[in-house]
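Engineer: One structure coming up, written as structure tokens, with questions to follow.
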There are 2 protein chains.
Amino acid sequence: MKKSYLFTPGPTPIPSESLLAMAQPIDYHRSEDAVALIKDVLEKLKHVFQTENDVMFLTSSGTGAMDGAVSNLLSRGDKALVIRTGKFGERWGEICTAYGVEVIPIDVEWGNSVAPEIVEEHLTTNPEIKVVYSTLCETSTGALHDIQTLAQITQSTPTLLVVDAVSALGADDLQMDQWGVDVVVSCSQKGLMTPPGLAFVALNNRAWDAVEHSNLPKYYFDFRKAHKSGIEGSVPYTPAITLLNALQCALNLIYEEGINNTIKRHQQMALATRSAIKAIGLPLFASSPANTLTSIRLPMEVDGKAFVKMMREDYGITYAGGQGELSGKILRIAHLGWMNENDVIVAISSFERGLAEIGYDISLGVGVAAAQEVFSL
Amino acid sequence: MKKSYLFTPGPTPIPSESLLAMAQPIDYHRSEDAVALIKDVLEKLKHVFQTENDVMFLTSSGTGAMDGAVSNLLSRGDKALVIRTGKFGERWGEICTAYGVEVIPIDVEWGNSVAPEIVEEHLTTNPEIKVVYSTLCETSTGALHDIQTLAQITQSTPTLLVVDAVSALGADDLQMDQWGVDVVVSCSQKGLMTPPGLAFVALNNRAWDAVEHSNLPKYYFDFRKAHKSGIEGSVPYTPAITLLNALQCALNLIYEEGINNTIKRHQQMALATRSAIKAIGLPLFASSPANTLTSIRLPMEVDGKAFVKMMREDYGITYAGGQGELSGKILRIAHLGWMNENDVIVAISSFERGLAEIGYDISLGVGVAAAQEVFSL
């Protein structure tokens with residue numbers, strides 16, 4: 001009787017309330033009930049985004065909202081500062097290039113986070129930079145960026161700060177209004193415990209001003225249309241309504257827990273996981289790890305791809321391997337969304353058993369004990 | 001004990017197999033199981049598209065695929081012939097304009113279909129037209145276009161024919177390869193009996209050649225990336241995997257029935273509905289009605305918006321009203337997707353009861369009897 005456990009940084013497990021909501025007969029997206037659903041979801045998203053700005057949703061992957069956060073804010077030939085510390089930072093650069101936006105890259109070795117003073121230097125030297133694109137948690141490495149400090153820097157300039165909080169929203173703190181972040185992008189299948197297919201965006205007034213001056217082409221991802229419709233509980237195009245039903249259930253869970261407690265829960269899970277990995281004797285990959293996931297540099301003798309495959313097939317445990325240049329070299333364990341301390345114990349215990357199975361020298365239980373210690377504090 | 005019935009031209013009812021598939025624990029989209037799922041779905045979509053060309057999927061509404069069918073095929077300043085016979089034909093024009101493509105419109109009074117010879121005239125006068133954009137069924141009016149004849153015209157020219165089969169795929173015949181249609185766009189929540197959130201596109205070789213010459217910016221909707229990934233059972237970005245699971249169930253139903261039988265079933269339902277409406281004594285709105293839905297011109301004294309509201313609240317029956325300039329003036333009843341003759345009987349019977357309730361002079365049962373006659377042939 002194999003049970004399956006999903007520890008990937010998206011999709012994350014779905015609460016049973018949400019699964020059951022999706023199994024209900026489908027409704028028309030322009031009914032009064034759908035209007036109430038959309039209004040409720042968009043209102044509760046503000047709590048998660050920690051903002052008074054309107055939050056919009058789009059039917060797409062998170063990358064669709066990233067695409068829109070380029071095409072709605074900029075014009076051809078504009079300059080954008082792109083913080084590239086992994087696959088998703090690189091994606092910001094790829095999108096800018098696709099739209100004819102000039103990319104000024106800050107390349108940081110994967111696993112590290114950008115030093116805010118480097119961003120400050122760039123903005124001083126290059127005041128014509130229109131937007132800084134960053135990730136909150138770089139999902140490919142598990143590294144966290146100091147968005148609060150980056151926002152302090154951009155706030156005193158005309159440059160906007162756009163943050164990809166795709167994986168970290170609801171897991172790592174991001175105080176959009178308090179910190180002064182101009183645009184936040186996220187999606188459904190990570191901290192929001194909902195299947196993939198919905199993306200979310202919030203813009204502050206500075207960002208909406210930029211939208212008015214942007215001349216890049218956009219249609220499906222036109223933020224003005226999504227925004228205008230959303231306020232009325234409507235949509236420009238047929239939305240993924242079953243996912244909205246699931247999202248409502250998930251948002252109710254976060255709303256009841258309170259976003260600060262949600263973030264604290266993730267912090268505890270992250271601390272416990274990191275403590276366990278250290279006790280096992282393996283190095284963490286990210287220098288400033290996020291609450292979202294833990295990246296582990298695997299020993300040279302371990303074939304990361306084969307390990308991920310074995311864990312899925314023999315143990316029913318799905319971890320994520322490395323992406324791009326990290327393929328086979330790191331293991332990523334998410335502690336994200338609809339999870340608690342017992343999920344961390346299962347993730348660590350299984351990791352230990354897997355390492356033992358491939359002959360790696362490990363005392364079973366050392367990682368689990370270290371995690372238990374953190375949860376017992 | 002109110003039961004709900006959905007007769008809107010999207011979303012359409014979801015088979016219970018699909019609902020239950022979505023209620024299963026979610027899986028990782030890069031697992032071997034997901035690869036097999038994606039490959040299976042894309043293979044079976046070819047049967048529905050009646051093509052040997054590869055079919056791609058995107059996580060978006062149908063409009064996202066329409067957006068891509070402009071940005072991937074054309075360059076700035078190119079000319080496109082846009083057949084505007086309703087809201088969705090107009091949408092093709094809006095997307096072209098957003099991308100700086102010059103729109104040459106053919107405007108036809110809503111409810112009518114374009115005369116193919118007008119398209120032919122335009123292509124003769126304006127041989128530099130790169131693409132003709134049409135709908136198969138114009139969902140806002142229920143009118144069907146003669147795509148077979150349009151494709152005969154475009155095939156002998158360098159101009160591509162792009163067809164929005166968003167609502168009609170699987171209901172009205174569309175033989176992509178046999179007729180020589182260059183691009184077909186569709187989505188999940190209509191004939192494919194799956195919740196909204198997935199869009200589909202197929203291109204033939206002529207269309208792929210055009211993609212190579214297009215210089216419009218695109219990232220999320222880049223067809224080349226979706227195509228390349230799809231062949232390997234992969235995706236460039238996290239897909240709506242729960243919807244893919246549901247789609248697989250729905251495609252199995254169509255595959256077992258056979259696409260020709262699926263279309264015949266829709267044809268019977270459409271004939272029965274039209275026969276019923278005539279027996280009730282009301283005019284059909286579309287001059288060449290599609291199998292997808294039936295549009296009825298409501299009597300002047302009937303407030304269409306209030307009627308739709310009453311039917312939903314008092315009878316649990318959701319019809320669609322008119323859109324844009326037709327708001328309040330027409331009623332749209334879909335016979336689409338997971339439906340059979342009994343759904344048509346319920347739709348007609350309820351319509352009769354609703355008309356009687358608002359004091360319209362009707363002999364209850366005349367429409368139902370006419371529909372029964374068609375099904376008994």
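Ordered as shown in the structure tokens, chains take letters A, B, and onward, while each chain numbers its residues from 1 and ligands are numbered from 1 in the order shown.
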Write out, as a tab-separated table, each residue of chain B that has an atom at most 7 Å from chain A, together with the closest pair of atoms and their distance in Å to one decimal, counting only C-alpha atoms, rows going by chain and rising number.

Structural biologist:
residue	atom	partner	partner_atom	distance
B:Pro11	CA	A:Tyr28	CA	6.1
B:Pro13	CA	A:Ile26	CA	6.3
B:Ile14	CA	A:Ile26	CA	6.8
B:Leu19	CA	A:Ala23	CA	4.5
B:Leu20	CA	A:Ala23	CA	5.9
B:Met22	CA	A:Ala23	CA	6.5
B:Ala23	CA	A:Leu19	CA	4.5
B:Pro25	CA	A:Ile14	CA	6.8
B:Ile26	CA	A:Pro13	CA	6.3
B:Tyr28	CA	A:Pro11	CA	6.1
B:Thr59	CA	A:Ser60	CA	5.1
B:Ser60	CA	A:Ser60	CA	4.7
B:Ser61	CA	A:Thr238	CA	6.0
B:Thr63	CA	A:Tyr220	CA	6.5
B:Gly64	CA	A:Tyr220	CA	5.6
B:Asp67	CA	A:Tyr220	CA	6.3
B:Ile95	CA	A:Tyr219	CA	6.0
B:Ala98	CA	A:Pro217	CA	5.6
B:Tyr99	CA	A:Pro217	CA	5.2
B:Pro195	CA	A:Thr242	CA	6.6
B:Pro196	CA	A:Ala240	CA	4.7
B:Gly197	CA	A:Ala240	CA	4.7
B:Pro217	CA	A:Tyr99	CA	5.2
B:Lys218	CA	A:Ala98	CA	6.2
B:Tyr219	CA	A:Ile95	CA	6.0
B:Tyr220	CA	A:Gly64	CA	5.6
B:Tyr237	CA	A:Ser61	CA	6.6
B:Thr238	CA	A:Ser61	CA	6.0
B:Pro239	CA	A:Pro196	CA	6.2
B:Ala240	CA	A:Gly197	CA	4.7
B:Ile241	CA	A:Pro196	CA	6.7
B:Thr242	CA	A:Pro195	CA	6.6

Engineer: Could you turn the residues from that selection into a file that holds N, CA and C atoms, as a CSV table (one decimal), in the first residue's frame?

Structural biologist:
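Result file again.csv:
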chain,number,residue,atom,x,y,z
B,11,PRO,N,-18.1,27.4,-19.2
B,11,PRO,CA,-17.8,26.0,-19.0
B,11,PRO,C,-19.0,25.1,-19.3
B,13,PRO,N,-20.6,21.0,-18.4
B,13,PRO,CA,-20.6,20.0,-17.4
B,13,PRO,C,-19.4,19.1,-17.5
B,14,ILE,N,-18.8,18.7,-16.3
B,14,ILE,CA,-17.6,17.8,-16.3
B,14,ILE,C,-18.1,16.4,-16.0
B,19,LEU,N,-14.1,14.7,-12.5
B,19,LEU,CA,-14.2,15.4,-11.2
B,19,LEU,C,-13.5,14.6,-10.2
B,20,LEU,N,-13.6,13.3,-10.2
B,20,LEU,CA,-12.9,12.4,-9.3
B,20,LEU,C,-11.4,12.4,-9.5
B,22,MET,N,-9.7,14.9,-10.5
B,22,MET,CA,-9.2,16.2,-9.9
B,22,MET,C,-9.1,16.1,-8.4
B,23,ALA,N,-9.9,15.2,-7.8
B,23,ALA,CA,-9.9,15.1,-6.3
B,23,ALA,C,-8.8,14.2,-5.8
B,25,PRO,N,-4.8,13.2,-4.9
B,25,PRO,CA,-3.7,14.0,-4.5
B,25,PRO,C,-2.9,14.4,-5.8
B,26,ILE,N,-2.3,15.6,-5.7
B,26,ILE,CA,-1.7,16.2,-6.9
B,26,ILE,C,-0.3,15.5,-7.0
B,28,TYR,N,3.7,15.7,-9.1
B,28,TYR,CA,4.8,16.6,-9.7
B,28,TYR,C,4.7,16.5,-11.2
B,59,THR,N,-1.1,26.6,-20.5
B,59,THR,CA,-2.0,26.8,-19.4
B,59,THR,C,-2.5,28.2,-19.4
B,60,SER,N,-3.7,28.4,-19.9
B,60,SER,CA,-4.3,29.7,-20.1
B,60,SER,C,-5.8,29.5,-20.5
B,61,SER,N,-6.5,30.6,-20.6
B,61,SER,CA,-7.8,30.5,-21.3
B,61,SER,C,-7.6,30.4,-22.8
B,63,THR,N,-8.2,32.5,-25.0
B,63,THR,CA,-7.7,33.7,-25.5
B,63,THR,C,-6.2,33.8,-25.4
B,64,GLY,N,-5.6,33.1,-24.5
B,64,GLY,CA,-4.1,33.0,-24.5
B,64,GLY,C,-3.6,32.4,-25.7
B,67,ASP,N,-3.9,34.9,-28.5
B,67,ASP,CA,-2.8,35.9,-28.4
B,67,ASP,C,-1.6,35.3,-29.1
B,95,ILE,N,-6.6,41.7,-30.7
B,95,ILE,CA,-5.2,41.2,-30.5
B,95,ILE,C,-4.3,41.7,-31.5
B,98,ALA,N,-3.3,45.2,-30.8
B,98,ALA,CA,-2.4,45.3,-29.7
B,98,ALA,C,-1.0,45.0,-30.1
B,99,TYR,N,-0.8,44.2,-31.1
B,99,TYR,CA,0.6,43.8,-31.5
B,99,TYR,C,1.1,44.6,-32.7
B,195,PRO,N,-12.6,21.5,-17.0
B,195,PRO,CA,-12.7,22.9,-16.5
B,195,PRO,C,-11.8,23.8,-17.3
B,196,PRO,N,-12.1,25.1,-17.3
B,196,PRO,CA,-11.2,26.1,-18.0
B,196,PRO,C,-9.8,26.2,-17.4
B,197,GLY,N,-8.9,26.5,-18.2
B,197,GLY,CA,-7.5,26.7,-17.7
B,197,GLY,C,-6.5,26.1,-18.7
B,217,PRO,N,7.1,40.2,-30.3
B,217,PRO,CA,7.7,39.6,-29.0
B,217,PRO,C,6.7,38.6,-28.4
B,218,LYS,N,7.3,37.5,-27.9
B,218,LYS,CA,6.5,36.5,-27.1
B,218,LYS,C,7.4,35.8,-26.2
B,219,TYR,N,6.9,35.4,-25.1
B,219,TYR,CA,7.7,34.6,-24.1
B,219,TYR,C,6.8,33.5,-23.6
B,220,TYR,N,5.8,33.8,-22.8
B,220,TYR,CA,5.0,32.7,-22.2
B,220,TYR,C,4.3,31.9,-23.3
B,237,TYR,N,6.8,25.5,-18.6
B,237,TYR,CA,6.4,26.1,-17.3
B,237,TYR,C,5.4,25.2,-16.6
B,238,THR,N,5.3,25.3,-15.3
B,238,THR,CA,4.4,24.4,-14.5
B,238,THR,C,3.0,24.4,-15.1
B,239,PRO,N,2.5,23.3,-15.6
B,239,PRO,CA,1.2,23.3,-16.2
B,239,PRO,C,0.1,23.0,-15.2
B,240,ALA,N,-1.1,23.2,-15.6
B,240,ALA,CA,-2.3,23.0,-14.8
B,240,ALA,C,-2.5,21.5,-14.7
B,241,ILE,N,-1.8,20.8,-13.9
B,241,ILE,CA,-1.7,19.3,-14.0
B,241,ILE,C,-3.0,18.6,-13.6
B,242,THR,N,-3.8,19.2,-12.6
B,242,THR,CA,-5.1,18.6,-12.3
B,242,THR,C,-6.0,18.7,-13.5

Engineer: Which one of A:Val201, A:Ile83, A:Ala207, A:Cys187 sits closest to Pro158 (chain A) if you count only C-alpha atoms?

Structural biologist: A:Ala207

Engineer: Can you tell me which residues surround Trp208 (chain A) at a distance of at most 12 Å, considering only C-alpha atoms, apart from same-chain residues fewer than 2 positions away, and format the answer as a ChimeraX atom specification?

Structural biologist: /A:53-54,69,72-74,160,182-183,201-206,210-214,223-224,227

Engineer: So which residues touch Phe307 (chain A) within 12 Å, counting only C-alpha atoms, skipping near sequence neighbours fewer than 6 positions away, as an mmCIF file with N, CA and C atoms, in the first residue's frame?

Structural biologist:
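Produced file selection_33.cif, reproduced below:
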data_model
loop_
_atom_site.group_PDB
_atom_site.id
_atom_site.type_symbol
_atom_site.label_atom_id
_atom_site.label_comp_id
_atom_site.auth_asym_id
_atom_site.auth_seq_id
_atom_site.Cartn_x
_atom_site.Cartn_y
_atom_site.Cartn_z
ATOM 1 N N LEU A 298 24.642 17.486 -2.572
ATOM 2 C CA LEU A 298 24.814 16.045 -2.382
ATOM 3 C C LEU A 298 26.294 15.686 -2.438
ATOM 4 N N PRO A 299 26.711 14.644 -1.719
ATOM 5 C CA PRO A 299 28.108 14.203 -1.818
ATOM 6 C C PRO A 299 28.420 13.817 -3.257
ATOM 7 N N GLU A 301 29.771 11.386 -4.564
ATOM 8 C CA GLU A 301 29.545 9.994 -4.964
ATOM 9 C C GLU A 301 28.066 9.671 -5.158
ATOM 10 N N GLU A 313 10.260 5.932 -6.677
ATOM 11 C CA GLU A 313 9.783 4.588 -7.029
ATOM 12 C C GLU A 313 9.706 3.661 -5.822
ATOM 13 N N ASP A 314 10.717 3.710 -4.963
ATOM 14 C CA ASP A 314 10.768 2.734 -3.861
ATOM 15 C C ASP A 314 10.079 3.235 -2.594
ATOM 16 N N TYR A 315 10.061 4.537 -2.381
ATOM 17 C CA TYR A 315 9.542 5.077 -1.121
ATOM 18 C C TYR A 315 8.272 5.915 -1.301
ATOM 19 N N ILE A 317 8.293 8.879 -2.271
ATOM 20 C CA ILE A 317 8.691 10.225 -1.824
ATOM 21 C C ILE A 317 9.183 11.009 -3.030
ATOM 22 N N THR A 318 8.550 12.135 -3.347
ATOM 23 C CA THR A 318 9.014 12.950 -4.464
ATOM 24 C C THR A 318 9.724 14.196 -3.948
ATOM 25 N N TYR A 319 11.057 14.193 -4.094
ATOM 26 C CA TYR A 319 11.857 15.397 -3.868
ATOM 27 C C TYR A 319 12.102 16.023 -5.236
ATOM 28 N N ALA A 320 12.672 17.222 -5.261
ATOM 29 C CA ALA A 320 13.096 17.812 -6.537
ATOM 30 C C ALA A 320 14.615 17.756 -6.610
ATOM 31 N N GLY A 321 15.119 17.464 -7.793
ATOM 32 C CA GLY A 321 16.565 17.495 -8.007
ATOM 33 C C GLY A 321 17.010 18.906 -8.376
ATOM 34 N N GLY A 322 18.205 19.019 -8.901
ATOM 35 C CA GLY A 322 18.703 20.324 -9.335
ATOM 36 C C GLY A 322 18.263 20.638 -10.750
ATOM 37 N N SER A 327 21.807 20.163 -12.074
ATOM 38 C CA SER A 327 21.169 18.864 -12.292
ATOM 39 C C SER A 327 22.042 17.733 -11.734
ATOM 40 N N GLY A 328 21.463 16.915 -10.857
ATOM 41 C CA GLY A 328 22.185 15.778 -10.293
ATOM 42 C C GLY A 328 23.064 16.118 -9.104
ATOM 43 N N LYS A 329 23.245 17.428 -8.837
ATOM 44 C CA LYS A 329 24.220 17.832 -7.814
ATOM 45 C C LYS A 329 23.578 18.253 -6.488
ATOM 46 N N ILE A 330 22.341 18.734 -6.569
ATOM 47 C CA ILE A 330 21.681 19.128 -5.317
ATOM 48 C C ILE A 330 20.344 18.402 -5.211
ATOM 49 N N LEU A 331 19.828 18.391 -3.979
ATOM 50 C CA LEU A 331 18.484 17.872 -3.726
ATOM 51 C C LEU A 331 17.701 19.007 -3.084
ATOM 52 N N ARG A 332 16.462 19.171 -3.540
ATOM 53 C CA ARG A 332 15.636 20.235 -2.967
ATOM 54 C C ARG A 332 14.430 19.614 -2.254
ATOM 55 N N SER A 350 12.885 9.775 5.506
ATOM 56 C CA SER A 350 13.002 9.098 4.208
ATOM 57 C C SER A 350 14.347 9.395 3.558
ATOM 58 N N PHE A 351 14.788 10.633 3.700
ATOM 59 C CA PHE A 351 16.093 11.011 3.148
ATOM 60 C C PHE A 351 17.188 10.157 3.792
ATOM 61 N N GLU A 352 17.116 9.997 5.102
ATOM 62 C CA GLU A 352 18.105 9.173 5.813
ATOM 63 C C GLU A 352 18.077 7.727 5.307
ATOM 64 N N ARG A 353 16.889 7.182 5.182
ATOM 65 C CA ARG A 353 16.778 5.793 4.741
ATOM 66 C C ARG A 353 17.300 5.630 3.313
ATOM 67 N N GLY A 354 17.011 6.626 2.479
ATOM 68 C CA GLY A 354 17.505 6.577 1.102
ATOM 69 C C GLY A 354 19.030 6.610 1.060
ATOM 70 N N LEU A 355 19.624 7.500 1.862
ATOM 71 C CA LEU A 355 21.089 7.585 1.906
ATOM 72 C C LEU A 355 21.680 6.259 2.382
ATOM 73 N N ALA A 356 21.055 5.683 3.410
ATOM 74 C CA ALA A 356 21.549 4.391 3.917
ATOM 75 C C ALA A 356 21.451 3.328 2.827
ATOM 76 N N GLU A 357 20.337 3.353 2.081
ATOM 77 C CA GLU A 357 20.149 2.329 1.040
ATOM 78 C C GLU A 357 21.248 2.379 -0.017
ATOM 79 N N ILE A 358 21.701 3.563 -0.349
ATOM 80 C CA ILE A 358 22.745 3.645 -1.392
ATOM 81 C C ILE A 358 24.144 3.505 -0.789
ATOM 82 N N GLY A 359 24.195 3.174 0.504
ATOM 83 C CA GLY A 359 25.488 2.860 1.105
ATOM 84 C C GLY A 359 26.215 4.054 1.684
ATOM 85 N N TYR A 360 25.506 5.169 1.803
ATOM 86 C CA TYR A 360 26.149 6.344 2.389
ATOM 87 C C TYR A 360 26.218 6.139 3.897
#

Engineer: DSSP on the backbone, strand (DSSP E or B) only: what residues of region 76-126 of chain B does that give? Format it as a list in words.

Structural biologist: Lys79, Ala80, Leu81, Val82, Ile83, Arg84, Glu102, Val103, Ile104, Pro105, Ile106, Asp107, Trp110 and Asn112 of chain B

Engineer: Grab the residues selected above and save them as a compact mmCIF listing (two decimals), in the first residue's frame with C-alpha atoms.

Structural biologist:
# COMPACT_ATOMS: atom_id res chain seq x y z
CA LYS B 79 -1.68 42.73 -42.61
CA ALA B 80 -4.34 40.38 -41.31
CA LEU B 81 -7.85 39.82 -42.63
CA VAL B 82 -10.19 39.56 -39.66
CA ILE B 83 -13.68 38.15 -40.03
CA ARG B 84 -15.80 39.97 -37.48
CA GLU B 102 -2.77 46.04 -39.51
CA VAL B 103 -6.35 44.79 -39.39
CA ILE B 104 -8.37 44.54 -42.58
CA PRO B 105 -11.83 43.81 -41.22
CA ILE B 106 -14.73 42.04 -42.83
CA ASP B 107 -17.70 43.11 -40.79
CA TRP B 110 -24.00 39.65 -35.94
CA ASN B 112 -24.72 35.94 -39.96

Engineer: Residues at most 9 Å from region 278-288 of chain B, counting only C-alpha atoms, excluding those fewer than 3 positions away in the same chain, as a list in words?

Structural biologist: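 Within the cut-off, the hits are Trp110, Gly111, Asn112, Ser113, Thr141, Gly142, Ala143, Leu144, His145, Thr273, Arg274, Ser275, Thr294, Ser295, Ile296, Arg297, Leu298, Pro299, Ile330, Glu352, Ile362, Ser363, Leu364, Gly365, Val366, Gly367, Val368, Ala369 and Ala370 of chain B.
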
Engineer: Check the DSSP output for the backbone and give back, as a compact mmCIF listing (two decimals) with C-alpha atoms, in the first residue's frame, the residues of region 173-279 of chain B in helix (DSSP H, G or I).

Structural biologist:
# COMPACT_ATOMS: atom_id res chain seq x y z
CA MET B 176 -7.78 20.29 -40.04
CA ASP B 177 -5.67 18.15 -42.40
CA GLN B 178 -8.33 17.16 -44.92
CA TRP B 179 -9.58 20.70 -45.40
CA ASN B 205 4.03 23.06 -41.76
CA ARG B 206 3.01 26.24 -43.59
CA ALA B 207 2.21 27.82 -40.25
CA TRP B 208 5.49 26.67 -38.67
CA ASP B 209 7.33 28.35 -41.56
CA ALA B 210 5.55 31.58 -40.70
CA VAL B 211 6.61 31.21 -37.07
CA GLU B 212 10.23 31.28 -38.21
CA HIS B 213 9.71 34.69 -39.82
CA PHE B 223 4.76 28.19 -29.57
CA ARG B 224 8.21 26.81 -30.40
CA LYS B 225 8.96 26.18 -26.74
CA ALA B 226 5.56 24.61 -26.04
CA HIS B 227 5.92 22.44 -29.13
CA LYS B 228 9.45 21.25 -28.40
CA SER B 229 8.59 20.41 -24.79
CA GLY B 230 5.31 18.74 -25.67
CA ILE B 231 6.97 16.25 -27.99
CA ILE B 241 -1.73 19.30 -13.98
CA THR B 242 -5.06 18.62 -12.27
CA LEU B 243 -6.78 19.85 -15.42
CA LEU B 244 -4.60 17.56 -17.52
CA ASN B 245 -5.79 14.64 -15.40
CA ALA B 246 -9.40 15.68 -15.99
CA LEU B 247 -8.73 16.18 -19.69
CA GLN B 248 -7.34 12.68 -20.01
CA CYS B 249 -10.63 11.24 -18.71
CA ALA B 250 -12.66 13.41 -21.09
CA LEU B 251 -10.47 12.57 -24.08
CA ASN B 252 -10.89 8.88 -23.32
CA LEU B 253 -14.65 9.36 -23.58
CA ILE B 254 -14.33 11.05 -26.99
CA TYR B 255 -11.76 8.52 -28.14
CA GLU B 256 -14.11 5.66 -27.26
CA GLU B 257 -17.08 7.33 -28.92
CA ILE B 259 -14.84 11.97 -33.06
CA ASN B 260 -17.27 11.41 -35.95
CA ASN B 261 -19.89 10.02 -33.58
CA THR B 262 -19.21 12.82 -31.12
CA ILE B 263 -19.96 15.35 -33.84
CA LYS B 264 -23.08 13.42 -34.93
CA ARG B 265 -24.36 13.42 -31.35
CA HIS B 266 -23.95 17.19 -31.23
CA GLN B 267 -25.66 17.56 -34.59
CA GLN B 268 -28.68 15.63 -33.33
CA MET B 269 -28.85 17.72 -30.17
CA ALA B 270 -28.63 20.90 -32.24
CA LEU B 271 -31.32 19.76 -34.69
CA ALA B 272 -33.62 18.82 -31.83
CA THR B 273 -33.09 22.15 -30.09
CA ARG B 274 -33.70 24.17 -33.24
CA SER B 275 -36.79 22.15 -34.03
CA ALA B 276 -38.08 22.76 -30.52
CA ILE B 277 -37.50 26.51 -30.70
CA LYS B 278 -39.32 26.70 -34.03
CA ALA B 279 -42.24 24.71 -32.54

Engineer: What's the separation between CA of Met193 (chain B) and CA of Gly233 (chain B), in Å to one decimal place?

Structural biologist: 22.0 Å

Engineer: My list of candidates is B:Thr51, B:Ser234, B:Thr124, B:Ser188. Which is closest to Ala168 (chain B) when distances are computed with only C-alpha atoms?

Structural biologist: B:Ser188

Engineer: CA of Gly316 (chain A) to CA of Ser186 (chain A): how many Å, to one decimal?

Structural biologist: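 About the pair CA of Gly316 (chain A) and CA of Ser186 (chain A): they are 28.4 Å apart.
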
Engineer: Measure the distance from CA of Gly86 (chain B) to CA of Phe57 (chain A) in Å and round it to one decimal.

Structural biologist: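 Separation between CA of Gly86 (chain B) and CA of Phe57 (chain A): 26.5 Å.
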